[in-house]
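Note sheet for the following structure.
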Amino acid sequence: MSPRPVWRPRVDRLPVVSSTVHRAPTLAVIGGGQLARMMAQPAIALGLPLRLLAEAEGVSAAQVIPDQVVGDHTDLATLRRVTEGASVVTFDHEHVPTEHLHALAADGLAVRPGPDALVHAQDKAVMRRRLAELGVPCPRNAVVASSADVESFGLPCVLKTTRGGYDGKGVWVVRALDEAQAAFDAAAAAGVEVLAEELVDFRRELSALVARAPSGQAAAYPVVASTQLDGICHEVVAPAPDLSPALAGHAQEIALRIAGALDVTGILAVELFETTDGRILVNELAMRPHNTGHWSQDGAVTSQFENHLRAVMDLPLGSPAPRARWTVMVNILGGPADTGRLYDGLPHAMARDPRLRVHFYGKDLRPGRKVGHVNAYGDDLEDCLERARHAAAWFRGDLGDESE
């Protein structure tokens, strides 16, 4: 029996395999919080290398993005070091000095969103002036320099530092004139101004998220309702229940108009008041993924994090359409460290609700600190609310040792 012939390829016909790995352009991300952390997963799927500027070792995003520099985002030399060789830079927060962003852009780096756009999310007085020029409906407002100015503006009112505030920090509801001094003291310490705004009689808070690419392509997510607790976003329902199609369309149109007029690249979150007399007023702007868009990780065809990456890299945007009729997001806030459940709570939460989606941020537990969130989705809003609220309360330790 003759041996079986062995096939041997001709050497001159072998394919030439390049030793060069073709990589996507590097995207630098400034800020090591949970927003940067949640950009990492879609970046992996898109084959997009991230380089992180973390404020300290082991912060939330530094746990999942290995290419990192630890340093100060207010130091231009550090910013230049982390962006060296990157083609685009984007942000986990809005606190990089505007003049440094202009310097990076002058170096030839694509800063997205750009400094001329981002300043409207950094400085509330600049934002209010520009929105007034655009005819965007806003609460009555004025920059004030003294208690006398506040008295002239009228009480009650809301005082805000023009820069640096977040999650209720840098915001004071003032009902008596002597309560205004705290705002002026904080502003003086930070070297910023104070903005007075009318205390709006609102039914609820809404949020309109849009993604916009440099090409001008834009995508609008469903308008959501958000609930605040102690100045921190507590709960989001997508889409906002009982919101008329006309008002929802008006909110989306406002967000798209702002994004276009300010030349925003990436995610723009427009936080809104729905007033008791049926109007929409713009409260705040954020030019980055936003807490009110976390529901989209599990409830939308394309999450806000993926669409932010697509937008800043000028890739075609993904669909913002919802996957389910309702999605509810509830934040998990830290309690005393010795009562926090988090990972130890997963067996209960997952066994009770196999459809629940849990997102932890890798943060140490501190009272009131955002350490994660849960998403529940389905066809029944009350069911989604109960599931998400129960899970978040369980992780906080609010439910004691109950098993159901």
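Note on naming: chains are A, B, ... as they come in the structure tokens, residues start from 1 per chain, ligands start from 1 in the order shown.
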query: Quick one: residues within 8 Å of segment 257-263 of chain A, only C-alpha atoms counted, chain neighbours fewer than 6 positions away excluded, as a ChimeraX atom specification?
result: /A:116-117,131,210,212,214,216
- request: Any chance you could list, as a list in words, the residues in segment 118-216 of chain A that come up strand (DSSP E) when DSSP is run on the backbone?
  value: Asn141, Ala142, Val143, Val144, Cys157, Val158, Leu159, Lys160, Thr161, Val171, Trp172, Val173, Val174, Val194, Leu195, Ala196, Glu197, Glu198, Phe202, Arg203, Arg204, Glu205, Leu206, Ser207, Ala208, Leu209, Val210, Ala211 and Arg212 of chain A
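The space separating atom CA of Val223 of chain A from atom CA of Leu247 of chain A comes to 9.5 Å.
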Restrict the calculation to only C-alpha atoms, then for each residue of segment 223-336 of chain A with any atom at most 8 Å from an atom of segment 371-393 of chain A give the closest atom pair and their distance in Å to one decimal, rows by chain and rising residue number, as a Markdown table.
| residue | atom | partner | partner_atom | distance |
| --- | --- | --- | --- | --- |
| A:Trp295 | CA | A:Asn375 | CA | 6.1 |
| A:Asp298 | CA | A:Asn375 | CA | 6.9 |
| A:Gly299 | CA | A:Tyr377 | CA | 6.6 |
| A:Ala324 | CA | A:Gly378 | CA | 5.6 |
| A:Arg325 | CA | A:Asp379 | CA | 5.2 |
| A:Trp326 | CA | A:Tyr377 | CA | 5.5 |
| A:Thr327 | CA | A:Tyr377 | CA | 4.2 |
| A:Val328 | CA | A:Ala376 | CA | 5.3 |
| A:Met329 | CA | A:Asn375 | CA | 4.6 |
| A:Val330 | CA | A:Val374 | CA | 5.5 |
| A:Asn331 | CA | A:His373 | CA | 4.2 |
| A:Ile332 | CA | A:Gly372 | CA | 4.9 |
| A:Leu333 | CA | A:Val371 | CA | 5.7 |
| A:Gly334 | CA | A:Val371 | CA | 6.1 |
